$ cat input-v1.pdb   # PDB, C-alpha atoms and all ligand atoms
ATOM      1  CA  GLY A   1     -75.422 -41.167  58.714
ATOM      2  CA  TRP A   2     -77.068 -37.760  58.655
ATOM      3  CA  LEU A   3     -79.606 -38.881  56.039
ATOM      4  CA  ALA A   4     -80.532 -42.285  57.427
ATOM      5  CA  GLY A   5     -83.711 -43.565  55.799
ATOM      6  CA  GLN A   6     -84.221 -40.471  53.623
ATOM      7  CA  VAL A   7     -85.259 -40.506  49.977
ATOM      8  CA  ALA A   8     -84.045 -37.963  47.413
ATOM      9  CA  VAL A   9     -84.704 -37.001  43.818
ATOM     10  CA  ILE A  10     -81.623 -35.439  42.190
ATOM     11  CA  THR A  11     -81.632 -33.926  38.690
ATOM     12  CA  GLY A  12     -78.431 -33.918  36.665
ATOM     13  CA  ALA A  13     -77.191 -36.836  38.758
ATOM     14  CA  ALA A  14     -75.338 -38.665  35.975
ATOM     15  CA  SER A  15     -72.185 -36.593  36.370
ATOM     16  CA  GLY A  16     -70.392 -33.770  38.134
ATOM     17  CA  ILE A  17     -71.917 -32.151  41.202
ATOM     18  CA  GLY A  18     -75.231 -34.040  41.013
ATOM     19  CA  ARG A  19     -73.452 -37.357  40.931
ATOM     20  CA  ALA A  20     -71.210 -36.419  43.861
ATOM     21  CA  VAL A  21     -74.311 -35.439  45.841
ATOM     22  CA  ALA A  22     -76.032 -38.739  44.991
ATOM     23  CA  GLU A  23     -72.976 -40.691  46.172
ATOM     24  CA  ARG A  24     -72.649 -38.669  49.398
ATOM     25  CA  TYR A  25     -76.360 -39.104  50.143
ATOM     26  CA  LEU A  26     -75.947 -42.872  49.855
ATOM     27  CA  GLU A  27     -72.876 -42.752  52.124
ATOM     28  CA  GLU A  28     -74.960 -40.793  54.652
ATOM     29  CA  GLY A  29     -77.487 -43.588  54.812
ATOM     30  CA  ALA A  30     -80.122 -42.472  52.322
ATOM     31  CA  LEU A  31     -82.622 -45.235  51.645
ATOM     32  CA  GLY A  32     -82.766 -44.423  47.950
ATOM     33  CA  VAL A  33     -81.889 -41.788  45.392
ATOM     34  CA  VAL A  34     -83.903 -41.234  42.220
ATOM     35  CA  CYS A  35     -81.400 -39.976  39.660
ATOM     36  CA  VAL A  36     -82.785 -37.907  36.779
ATOM     37  CA  ASP A  37     -80.648 -37.159  33.730
ATOM     38  CA  ALA A  38     -80.643 -37.153  29.932
ATOM     39  CA  ASP A  39     -77.375 -39.113  29.956
ATOM     40  CA  ARG A  40     -78.322 -42.792  30.000
ATOM     41  CA  GLY A  41     -74.718 -44.032  30.182
ATOM     42  CA  GLY A  42     -73.921 -42.085  33.350
ATOM     43  CA  LEU A  43     -77.119 -43.221  35.045
ATOM     44  CA  ASP A  44     -76.512 -46.859  34.120
ATOM     45  CA  GLU A  45     -73.060 -46.676  35.691
ATOM     46  CA  LEU A  46     -74.441 -45.205  38.912
ATOM     47  CA  ALA A  47     -77.185 -47.832  39.073
ATOM     48  CA  ARG A  48     -74.676 -50.617  38.480
ATOM     49  CA  GLU A  49     -72.495 -49.358  41.350
ATOM     50  CA  HIS A  50     -75.298 -48.912  43.862
ATOM     51  CA  GLY A  51     -77.949 -51.465  42.959
ATOM     52  CA  SER A  52     -81.474 -50.976  44.204
ATOM     53  CA  ARG A  53     -80.670 -47.787  46.170
ATOM     54  CA  VAL A  54     -80.403 -45.910  42.859
ATOM     55  CA  GLU A  55     -83.470 -45.535  40.651
ATOM     56  CA  PRO A  56     -82.506 -44.038  37.267
ATOM     57  CA  VAL A  57     -84.987 -41.852  35.390
ATOM     58  CA  ILE A  58     -83.827 -40.997  31.890
ATOM     59  CA  GLY A  59     -85.274 -37.851  30.394
ATOM     60  CA  ASP A  60     -85.099 -34.128  29.753
ATOM     61  CA  VAL A  61     -85.701 -31.793  32.709
ATOM     62  CA  ARG A  62     -87.528 -29.435  30.351
ATOM     63  CA  ASP A  63     -90.419 -31.926  30.382
ATOM     64  CA  HIS A  64     -92.735 -31.870  33.382
ATOM     65  CA  ALA A  65     -93.598 -35.547  32.859
ATOM     66  CA  VAL A  66     -89.995 -36.526  33.666
ATOM     67  CA  HIS A  67     -90.268 -34.961  37.115
ATOM     68  CA  GLU A  68     -93.642 -36.594  37.722
ATOM     69  CA  ARG A  69     -92.064 -39.927  36.837
ATOM     70  CA  ALA A  70     -89.181 -39.276  39.247
ATOM     71  CA  VAL A  71     -91.524 -38.507  42.148
ATOM     72  CA  GLU A  72     -93.644 -41.578  41.335
ATOM     73  CA  ARG A  73     -90.478 -43.720  41.379
ATOM     74  CA  ALA A  74     -89.538 -42.318  44.798
ATOM     75  CA  LEU A  75     -92.964 -43.135  46.236
ATOM     76  CA  ALA A  76     -93.231 -46.549  44.584
ATOM     77  CA  SER A  77     -89.669 -47.782  45.219
ATOM     78  CA  TYR A  78     -88.844 -46.137  48.550
ATOM     79  CA  GLY A  79     -92.198 -45.146  50.032
ATOM     80  CA  GLY A  80     -91.811 -41.368  50.159
ATOM     81  CA  LEU A  81     -89.773 -38.300  49.256
ATOM     82  CA  ASP A  82     -87.732 -36.172  51.667
ATOM     83  CA  VAL A  83     -85.347 -34.165  49.497
ATOM     84  CA  LEU A  84     -85.448 -32.661  46.018
ATOM     85  CA  VAL A  85     -82.117 -31.530  44.573
ATOM     86  CA  GLY A  86     -82.597 -29.393  41.442
ATOM     87  CA  ASN A  87     -79.212 -29.348  39.752
ATOM     88  CA  ALA A  88     -79.217 -30.195  36.006
ATOM     89  CA  GLY A  89     -77.863 -27.243  34.058
ATOM     90  CA  LEU A  90     -76.079 -25.835  31.011
ATOM     91  CA  PHE A  91     -73.412 -23.160  30.616
ATOM     92  CA  ASP A  92     -73.049 -20.274  28.137
ATOM     93  CA  PHE A  93     -69.246 -20.415  28.087
ATOM     94  CA  ARG A  94     -69.172 -16.772  29.167
ATOM     95  CA  ARG A  95     -70.462 -15.366  25.883
ATOM     96  CA  PRO A  96     -70.856 -11.572  26.149
ATOM     97  CA  LEU A  97     -73.864  -9.692  24.784
ATOM     98  CA  ARG A  98     -71.842  -8.442  21.821
ATOM     99  CA  GLY A  99     -71.309 -12.078  20.784
ATOM    100  CA  TYR A 100     -74.990 -12.588  19.887
ATOM    101  CA  THR A 101     -77.286 -11.662  17.050
ATOM    102  CA  ALA A 102     -80.838 -10.865  18.166
ATOM    103  CA  SER A 103     -82.159 -14.225  17.013
ATOM    104  CA  ALA A 104     -79.254 -16.203  18.511
ATOM    105  CA  LEU A 105     -79.830 -14.397  21.812
ATOM    106  CA  ALA A 106     -83.507 -15.356  21.840
ATOM    107  CA  ALA A 107     -82.845 -18.985  20.951
ATOM    108  CA  THR A 108     -79.973 -19.392  23.436
ATOM    109  CA  MET A 109     -81.978 -17.701  26.162
ATOM    110  CA  ASP A 110     -84.918 -20.028  25.519
ATOM    111  CA  GLU A 111     -82.739 -23.137  25.709
ATOM    112  CA  LEU A 112     -80.625 -22.078  28.692
ATOM    113  CA  PHE A 113     -83.517 -20.789  30.786
ATOM    114  CA  ALA A 114     -85.665 -23.801  29.909
ATOM    115  CA  VAL A 115     -83.042 -26.131  31.380
ATOM    116  CA  ASN A 116     -81.580 -23.999  34.192
ATOM    117  CA  LEU A 117     -84.815 -22.379  35.407
ATOM    118  CA  ARG A 118     -87.922 -24.116  34.077
ATOM    119  CA  GLY A 119     -86.212 -27.424  34.881
ATOM    120  CA  TYR A 120     -85.890 -26.307  38.524
ATOM    121  CA  LEU A 121     -89.462 -25.012  38.707
ATOM    122  CA  TYR A 122     -90.923 -28.145  37.152
ATOM    123  CA  ALA A 123     -88.977 -30.244  39.637
ATOM    124  CA  ALA A 124     -90.353 -28.144  42.496
ATOM    125  CA  MET A 125     -93.869 -28.344  41.081
ATOM    126  CA  ALA A 126     -93.791 -32.121  40.767
ATOM    127  CA  ALA A 127     -92.223 -32.713  44.205
ATOM    128  CA  ARG A 128     -94.166 -30.184  46.285
ATOM    129  CA  GLU A 129     -97.000 -32.392  47.487
ATOM    130  CA  ALA A 130     -94.792 -35.311  48.481
ATOM    131  CA  LEU A 131     -92.353 -32.990  50.253
ATOM    132  CA  GLU A 132     -95.187 -31.290  52.147
ATOM    133  CA  ALA A 133     -96.437 -34.675  53.266
ATOM    134  CA  ALA A 134     -92.967 -35.613  54.544
ATOM    135  CA  GLY A 135     -91.920 -32.208  55.905
ATOM    136  CA  GLY A 136     -89.002 -32.370  53.479
ATOM    137  CA  CYS A 137     -86.827 -29.855  51.685
ATOM    138  CA  MET A 138     -85.611 -28.589  48.331
ATOM    139  CA  ILE A 139     -82.018 -27.685  47.470
ATOM    140  CA  PHE A 140     -81.101 -25.970  44.206
ATOM    141  CA  THR A 141     -77.660 -25.624  42.672
ATOM    142  CA  ALA A 142     -76.982 -21.915  42.361
ATOM    143  CA  SER A 143     -73.495 -20.588  41.522
ATOM    144  CA  VAL A 144     -70.857 -17.977  42.194
ATOM    145  CA  ALA A 145     -72.676 -16.441  39.179
ATOM    146  CA  SER A 146     -75.765 -16.051  41.401
ATOM    147  CA  PHE A 147     -74.094 -13.064  43.095
ATOM    148  CA  HIS A 148     -71.143 -11.965  40.932
ATOM    149  CA  ALA A 149     -70.458 -11.046  37.317
ATOM    150  CA  GLY A 150     -67.840 -12.795  35.215
ATOM    151  CA  GLY A 151     -68.451 -16.406  36.248
ATOM    152  CA  GLY A 152     -70.595 -16.803  33.150
ATOM    153  CA  GLY A 153     -71.800 -14.696  30.275
ATOM    154  CA  VAL A 154     -74.860 -12.471  30.552
ATOM    155  CA  LEU A 155     -77.440 -15.263  30.105
ATOM    156  CA  TYR A 156     -75.858 -17.706  32.561
ATOM    157  CA  THR A 157     -75.362 -14.945  35.145
ATOM    158  CA  MET A 158     -78.965 -13.731  34.755
ATOM    159  CA  GLY A 159     -80.235 -17.268  35.083
ATOM    160  CA  LYS A 160     -78.200 -18.073  38.176
ATOM    161  CA  HIS A 161     -79.227 -14.767  39.808
ATOM    162  CA  ALA A 162     -82.807 -15.879  39.156
ATOM    163  CA  VAL A 163     -82.165 -19.050  41.163
ATOM    164  CA  VAL A 164     -81.797 -16.820  44.235
ATOM    165  CA  GLY A 165     -85.277 -15.419  43.582
ATOM    166  CA  LEU A 166     -86.644 -18.887  43.092
ATOM    167  CA  VAL A 167     -85.153 -20.091  46.398
ATOM    168  CA  ARG A 168     -86.420 -17.086  48.367
ATOM    169  CA  GLN A 169     -89.925 -17.086  46.886
ATOM    170  CA  LEU A 170     -90.437 -20.831  47.276
ATOM    171  CA  ALA A 171     -88.991 -20.723  50.804
ATOM    172  CA  LEU A 172     -91.775 -18.293  51.676
ATOM    173  CA  GLU A 173     -94.529 -20.071  49.726
ATOM    174  CA  LEU A 174     -93.722 -23.531  51.067
ATOM    175  CA  ALA A 175     -93.051 -22.594  54.699
ATOM    176  CA  PRO A 176     -93.584 -23.912  57.277
ATOM    177  CA  ARG A 177     -93.663 -27.482  55.928
ATOM    178  CA  VAL A 178     -90.868 -27.428  53.344
ATOM    179  CA  ARG A 179     -87.454 -25.738  53.587
ATOM    180  CA  VAL A 180     -85.956 -24.368  50.350
ATOM    181  CA  ASN A 181     -82.262 -23.522  50.020
ATOM    182  CA  GLY A 182     -79.411 -23.407  47.521
ATOM    183  CA  VAL A 183     -75.722 -24.233  47.233
ATOM    184  CA  GLY A 184     -73.490 -21.894  45.231
ATOM    185  CA  PRO A 185     -70.424 -23.629  43.773
ATOM    186  CA  GLY A 186     -67.577 -21.700  42.172
ATOM    187  CA  GLY A 187     -65.447 -22.886  39.262
ATOM    188  CA  THR A 188     -65.639 -26.673  39.494
ATOM    189  CA  LEU A 189     -64.009 -29.309  37.305
ATOM    190  CA  THR A 190     -66.976 -31.076  35.742
ATOM    191  CA  GLY A 191     -68.190 -31.953  32.276
ATOM    192  CA  LEU A 192     -70.642 -29.006  32.314
ATOM    193  CA  ARG A 193     -71.822 -28.503  28.714
ATOM    194  CA  GLY A 194     -73.268 -25.687  26.665
ATOM    195  CA  THR A 195     -76.347 -25.105  24.542
ATOM    196  CA  GLN A 196     -77.213 -26.828  21.275
ATOM    197  CA  THR A 197     -78.217 -23.404  20.001
ATOM    198  CA  LEU A 198     -74.637 -22.103  20.117
ATOM    199  CA  GLY A 199     -73.270 -25.439  18.887
ATOM    200  CA  HIS A 200     -71.884 -26.142  22.367
ATOM    201  CA  GLY A 201     -73.827 -29.323  23.086
ATOM    202  CA  ASP A 202     -70.587 -31.287  23.390
ATOM    203  CA  ARG A 203     -68.267 -28.545  24.615
ATOM    204  CA  GLN A 204     -67.246 -29.129  28.246
ATOM    205  CA  ILE A 205     -66.069 -26.661  30.879
ATOM    206  CA  ASP A 206     -63.234 -29.008  31.920
ATOM    207  CA  ALA A 207     -61.987 -29.600  28.364
ATOM    208  CA  ASP A 208     -58.603 -28.150  29.419
ATOM    209  CA  PRO A 209     -58.413 -29.003  33.143
ATOM    210  CA  ARG A 210     -55.014 -27.399  33.677
ATOM    211  CA  ALA A 211     -56.048 -24.042  32.205
ATOM    212  CA  PHE A 212     -59.295 -24.171  34.198
ATOM    213  CA  ASP A 213     -57.377 -24.940  37.391
ATOM    214  CA  GLU A 214     -54.993 -22.048  36.790
ATOM    215  CA  ARG A 215     -57.739 -19.544  35.997
ATOM    216  CA  VAL A 216     -59.854 -20.422  39.042
ATOM    217  CA  SER A 217     -56.832 -20.668  41.369
ATOM    218  CA  ALA A 218     -55.728 -17.162  40.386
ATOM    219  CA  ALA A 219     -59.233 -15.741  40.892
ATOM    220  CA  VAL A 220     -60.210 -17.034  44.348
ATOM    221  CA  PRO A 221     -58.616 -16.633  47.803
ATOM    222  CA  LEU A 222     -58.527 -20.371  48.550
ATOM    223  CA  ALA A 223     -56.629 -20.777  45.270
ATOM    224  CA  PHE A 224     -57.993 -24.020  43.858
ATOM    225  CA  ALA A 225     -60.544 -25.098  41.291
ATOM    226  CA  GLN A 226     -63.163 -27.099  43.128
ATOM    227  CA  ARG A 227     -64.057 -30.732  42.592
ATOM    228  CA  PRO A 228     -67.671 -31.970  42.763
ATOM    229  CA  ARG A 229     -67.010 -33.686  46.134
ATOM    230  CA  ASP A 230     -66.039 -30.327  47.648
ATOM    231  CA  HIS A 231     -69.689 -29.202  47.542
ATOM    232  CA  ALA A 232     -71.496 -32.401  48.444
ATOM    233  CA  GLY A 233     -71.322 -31.953  52.223
ATOM    234  CA  LEU A 234     -73.346 -28.735  52.049
ATOM    235  CA  TYR A 235     -76.165 -30.611  50.301
ATOM    236  CA  VAL A 236     -76.039 -33.144  53.137
ATOM    237  CA  LEU A 237     -76.135 -30.418  55.787
ATOM    238  CA  LEU A 238     -79.071 -28.604  54.170
ATOM    239  CA  ALA A 239     -81.004 -31.847  53.791
ATOM    240  CA  SER A 240     -80.474 -32.825  57.420
ATOM    241  CA  ARG A 241     -83.528 -32.286  59.620
ATOM    242  CA  ASP A 242     -81.366 -32.377  62.752
ATOM    243  CA  ASN A 243     -78.769 -29.891  61.549
ATOM    244  CA  ALA A 244     -80.618 -27.408  59.353
ATOM    245  CA  ARG A 245     -84.098 -27.281  60.878
ATOM    246  CA  ALA A 246     -84.055 -23.469  61.012
ATOM    247  CA  VAL A 247     -82.466 -22.822  57.617
ATOM    248  CA  THR A 248     -84.626 -21.720  54.681
ATOM    249  CA  GLY A 249     -84.302 -19.181  51.875
ATOM    250  CA  GLU A 250     -80.487 -19.333  52.087
ATOM    251  CA  ILE A 251     -77.740 -19.932  49.560
ATOM    252  CA  PHE A 252     -74.622 -21.547  51.043
ATOM    253  CA  MET A 253     -71.646 -20.450  48.956
ATOM    254  CA  SER A 254     -68.890 -22.944  48.161
ATOM    255  CA  ASP A 255     -66.700 -20.946  45.830
ATOM    256  CA  GLY A 256     -63.257 -20.581  47.384
ATOM    257  CA  GLY A 257     -64.083 -17.271  49.055
ATOM    258  CA  VAL A 258     -64.936 -14.971  46.154
ATOM    259  CA  ALA A 259     -66.893 -12.582  48.396
ATOM    260  CA  ALA A 260     -63.897 -12.201  50.721
ATOM    261  CA  ARG A 261     -61.761 -10.816  47.909
ATOM    262  CA  SER A 262     -60.877  -7.113  47.874
ATOM    263  CA  ILE A 263     -58.817  -5.162  45.338
TER     264      ILE A 263
HETATM  265  P1  LIG B 301     -72.282 -31.738  34.603
HETATM  266  O1  LIG B 301     -72.479 -31.552  33.137
HETATM  267  O2  LIG B 301     -71.223 -32.641  35.072
HETATM  268  O3  LIG B 301     -73.666 -32.175  35.251
HETATM  269  C1  LIG B 301     -74.895 -31.697  34.766
HETATM  270  C2  LIG B 301     -75.786 -32.862  34.411
HETATM  271  O4  LIG B 301     -77.035 -32.329  33.966
HETATM  272  C3  LIG B 301     -75.227 -33.740  33.277
HETATM  273  O5  LIG B 301     -75.199 -35.092  33.684
HETATM  274  C4  LIG B 301     -76.215 -33.498  32.130
HETATM  275  O6  LIG B 301     -76.418 -34.660  31.337
HETATM  276  C5  LIG B 301     -77.475 -33.102  32.866
HETATM  277  N1  LIG B 301     -78.361 -32.311  32.020
HETATM  278  C6  LIG B 301     -78.072 -31.187  31.332
HETATM  279  N2  LIG B 301     -79.143 -30.767  30.647
HETATM  280  C7  LIG B 301     -80.143 -31.654  30.906
HETATM  281  C8  LIG B 301     -81.490 -31.754  30.492
HETATM  282  N3  LIG B 301     -82.047 -30.859  29.660
HETATM  283  N4  LIG B 301     -82.225 -32.791  30.965
HETATM  284  C9  LIG B 301     -81.686 -33.709  31.796
HETATM  285  N5  LIG B 301     -80.405 -33.650  32.217
HETATM  286  C10 LIG B 301     -79.648 -32.638  31.777
HETATM  287  O7  LIG B 301     -72.067 -30.256  35.190
HETATM  288  P2  LIG B 301     -72.063 -29.703  36.717
HETATM  289  O8  LIG B 301     -71.034 -28.644  36.725
HETATM  290  O9  LIG B 301     -72.018 -30.776  37.702
HETATM  291  O10 LIG B 301     -73.473 -28.964  36.747
HETATM  292  C11 LIG B 301     -74.424 -29.112  37.772
HETATM  293  C12 LIG B 301     -74.947 -27.749  38.201
HETATM  294  O11 LIG B 301     -73.884 -27.015  38.798
HETATM  295  C13 LIG B 301     -75.485 -26.863  37.082
HETATM  296  O12 LIG B 301     -76.684 -26.243  37.507
HETATM  297  C14 LIG B 301     -74.392 -25.828  36.918
HETATM  298  O13 LIG B 301     -74.889 -24.618  36.394
HETATM  299  C15 LIG B 301     -73.929 -25.681  38.342
HETATM  300  N6  LIG B 301     -72.628 -25.064  38.553
HETATM  301  C16 LIG B 301     -71.499 -25.570  37.971
HETATM  302  C17 LIG B 301     -70.281 -24.939  38.183
HETATM  303  C18 LIG B 301     -69.010 -25.430  37.542
HETATM  304  O14 LIG B 301     -68.018 -24.689  37.522
HETATM  305  N7  LIG B 301     -68.962 -26.645  37.026
HETATM  306  C19 LIG B 301     -70.212 -23.807  39.001
HETATM  307  C20 LIG B 301     -71.373 -23.335  39.603
HETATM  308  C21 LIG B 301     -72.575 -23.974  39.372
END
$ encode --input "input-v1.pdb" --output "structure tokens"
Amino acid sequence: GWLAGQVAVITGAASGIGRAVAERYLEEGALGVVCVDADRGGLDELAREHGSRVEPVIGDVRDHAVHERAVERALASYGGLDVLVGNAGLFDFRRPLRGYTASALAATMDELFAVNLRGYLYAAMAAREALEAAGGCMIFTASVASFHAGGGGVLYTMGKHAVVGLVRQLALELAPRVRVNGVGPGGTLTGLRGTQTLGHGDRQIDADPRAFDERVSAAVPLAFAQRPRDHAGLYVLLASRDNARAVTGEIFMSDGGVAARSI
């Protein structure tokens, strides 16, 4: 496997893209994967399926202590850390600016950015030293909304654009020891949820899979809504020391070809 003997921390690993990445990493020979998520049920399932190669860490990515715990688990259980995958996130269900009051905007922005951005930065902060020691890498889940409008509402799109800045700045700051890259999925059938602030804590992006499929198929050249597995190989490639040694500060898009579309 491309990741033989490697150790990863993955946030948002209980479902969707994070879970698919965790499973692919194990298939590629990873020694162990520390899976961070607020969803205890999903983590328990993953741990039951994979035994001692999965180390669940239950908690909220908005707390720095959760990331410290995850890195400690990696060192204690598997003897090191090679890859951090920052991935846990929330969606705004494409709410436009006109759909907010001033106070709802502030509260939603605080919640969404705390999870989607501070959660990534805290993960990076907690993992930096161990990754420098190993000559490892970071991979963050960006989005089609990192480069294009309309994939989310204004807050989600702003936040995912900011992930590009995070990747580029950290790539520079952490070179030459640690590579920092991103993967940019397009519309993907997952249970991606919204903010508590907007009352969307249980609303899921795949609530109507057929409608989602149709909307994404019509919008992208490759004409299908993606599944979590469709993206997992890029996380393997970026984590591979043999195959991506010269890659840093990049976002690999995996969105069905949105940028190839003309009028
Ligand atoms: P998902 O809901 O299946 O997975 C996200 C996971 O993050 C869940 O298990 C959830 O419990 C966890 N999580 C959310 N908030 C958390 C918190 N505060 N603390 C700890 N865990 C938390 O959704 P997904 O689509 O797989 O999302 C993964 C990433 O992919 C997100 O960053 C999302 O923005 C991004 N993304 C998704 C799509 C899509 O269409 N589904 C497209 C582009 C990018």
$ closest_atom_pairs --input "input-v1.pdb" --of "stretch 77-106 of chain A" --to "stretch 124-129 of chain A" --cutoff "10 Å" --atoms "only C-alpha atoms" --output "JSON lines"
{"residue": "A:Leu81", "atom": "CA", "partner": "A:Ala127", "partner_atom": "CA", "distance": 7.9}
{"residue": "A:Asp82", "atom": "CA", "partner": "A:Ala127", "partner_atom": "CA", "distance": 9.4}
{"residue": "A:Val83", "atom": "CA", "partner": "A:Ala127", "partner_atom": "CA", "distance": 8.8}
{"residue": "A:Leu84", "atom": "CA", "partner": "A:Ala127", "partner_atom": "CA", "distance": 7.0}
{"residue": "A:Val85", "atom": "CA", "partner": "A:Ala124", "partner_atom": "CA", "distance": 9.1}
{"residue": "A:Gly86", "atom": "CA", "partner": "A:Ala124", "partner_atom": "CA", "distance": 7.9}
$ resolve_selection --input "input-v1.pdb" --expression "the PyMOL selection byres (((chain A and resi 179) around 6) and not hetatm)" --output "list of chain:residue names"
A:Cys137, A:Ala171, A:Val178, A:Val180, A:Thr248
$ write_last_selection --input "input-v1.pdb" --atoms "C-alpha atoms" --output "CSV table (one decimal), keeping the file's coordinate frame"
chain,number,residue,atom,x,y,z
A,137,CYS,CA,-86.8,-29.9,51.7
A,171,ALA,CA,-89.0,-20.7,50.8
A,178,VAL,CA,-90.9,-27.4,53.3
A,180,VAL,CA,-86.0,-24.4,50.4
A,248,THR,CA,-84.6,-21.7,54.7
$ resolve_selection --input "input-v1.pdb" --expression "the PyMOL selection byres (((chain A and resi 27) around 12) and not hetatm)" --output "JSON, numbers by chain"
{"A": [1, 2, 3, 4, 5, 6, 20, 21, 22, 23, 24, 25, 26, 28, 29, 30, 31, 32, 33, 50, 53, 232, 233, 236]}
$ closest_atom_pairs --input "input-v1.pdb" --of "chain A" --to "ligand LIG 301 (chain B)" --cutoff "6 Å" --atoms "only C-alpha atoms and all ligand atoms" --output "JSON lines"
{"residue": "A:Gly12", "atom": "CA", "partner": "B:LIG301", "partner_atom": "O4", "distance": 3.4}
{"residue": "A:Ala13", "atom": "CA", "partner": "B:LIG301", "partner_atom": "O5", "distance": 5.7}
{"residue": "A:Ala14", "atom": "CA", "partner": "B:LIG301", "partner_atom": "O5", "distance": 4.2}
{"residue": "A:Ser15", "atom": "CA", "partner": "B:LIG301", "partner_atom": "O2", "distance": 4.3}
{"residue": "A:Gly16", "atom": "CA", "partner": "B:LIG301", "partner_atom": "O2", "distance": 3.4}
{"residue": "A:Ile17", "atom": "CA", "partner": "B:LIG301", "partner_atom": "O9", "distance": 3.8}
{"residue": "A:Gly18", "atom": "CA", "partner": "B:LIG301", "partner_atom": "O9", "distance": 5.7}
{"residue": "A:Asp37", "atom": "CA", "partner": "B:LIG301", "partner_atom": "N5", "distance": 3.8}
{"residue": "A:Ala38", "atom": "CA", "partner": "B:LIG301", "partner_atom": "C9", "distance": 4.1}
{"residue": "A:Asp39", "atom": "CA", "partner": "B:LIG301", "partner_atom": "O6", "distance": 4.8}
{"residue": "A:Gly59", "atom": "CA", "partner": "B:LIG301", "partner_atom": "C9", "distance": 5.7}
{"residue": "A:Asp60", "atom": "CA", "partner": "B:LIG301", "partner_atom": "N4", "distance": 3.4}
{"residue": "A:Val61", "atom": "CA", "partner": "B:LIG301", "partner_atom": "N4", "distance": 4.0}
{"residue": "A:Arg62", "atom": "CA", "partner": "B:LIG301", "partner_atom": "N3", "distance": 5.7}
{"residue": "A:Asn87", "atom": "CA", "partner": "B:LIG301", "partner_atom": "O12", "distance": 4.6}
{"residue": "A:Ala88", "atom": "CA", "partner": "B:LIG301", "partner_atom": "O4", "distance": 3.7}
{"residue": "A:Gly89", "atom": "CA", "partner": "B:LIG301", "partner_atom": "O12", "distance": 3.8}
{"residue": "A:Leu90", "atom": "CA", "partner": "B:LIG301", "partner_atom": "O13", "distance": 5.6}
{"residue": "A:Val115", "atom": "CA", "partner": "B:LIG301", "partner_atom": "N3", "distance": 5.1}
{"residue": "A:Thr141", "atom": "CA", "partner": "B:LIG301", "partner_atom": "O12", "distance": 5.3}
{"residue": "A:Ala142", "atom": "CA", "partner": "B:LIG301", "partner_atom": "C21", "distance": 5.7}
{"residue": "A:Ser143", "atom": "CA", "partner": "B:LIG301", "partner_atom": "C20", "distance": 4.0}
{"residue": "A:Val144", "atom": "CA", "partner": "B:LIG301", "partner_atom": "C20", "distance": 6.0}
{"residue": "A:Pro185", "atom": "CA", "partner": "B:LIG301", "partner_atom": "C20", "distance": 4.3}
{"residue": "A:Gly186", "atom": "CA", "partner": "B:LIG301", "partner_atom": "C19", "distance": 4.6}
{"residue": "A:Gly187", "atom": "CA", "partner": "B:LIG301", "partner_atom": "O14", "distance": 3.6}
{"residue": "A:Thr188", "atom": "CA", "partner": "B:LIG301", "partner_atom": "O14", "distance": 3.7}
{"residue": "A:Leu189", "atom": "CA", "partner": "B:LIG301", "partner_atom": "N7", "distance": 5.6}
{"residue": "A:Thr190", "atom": "CA", "partner": "B:LIG301", "partner_atom": "O2", "distance": 4.6}
{"residue": "A:Gly191", "atom": "CA", "partner": "B:LIG301", "partner_atom": "O2", "distance": 4.2}
{"residue": "A:Leu192", "atom": "CA", "partner": "B:LIG301", "partner_atom": "O1", "distance": 3.2}
{"residue": "A:Arg193", "atom": "CA", "partner": "B:LIG301", "partner_atom": "O1", "distance": 5.4}
$ closest_residue --input "input-v1.pdb" --among "A:Val71, A:Glu173, A:Ala223, A:His64" --to "A:Cys35" --atoms "only C-alpha atoms"
A:Val71
$ closest_residue --input "input-v1.pdb" --among "A:Gln169, A:Thr11, A:Asn116, A:Asn181" --to "A:Leu237" --atoms "all atoms listed in the file"
A:Asn181
$ resolve_selection --input "input-v1.pdb" --expression "the PyMOL selection byres (((chain A and resi 182) around 7) and not hetatm)" --output "list in words"
Ile139, Phe140, Thr141, Ala142, Val167, Asn181, Val183, Gly184, Glu250, Ile251 and Phe252 of chain A
$ axis_aligned_box --input "input-v1.pdb" --around "stretch 194-197 of chain A" --padding-each-side "6 Å" --output "lines of an AutoDock Vina configuration file"
center_x = -75.7
center_y = -25.1
center_z = 23.3
size_x = 16.9
size_y = 15.4
size_z = 18.7
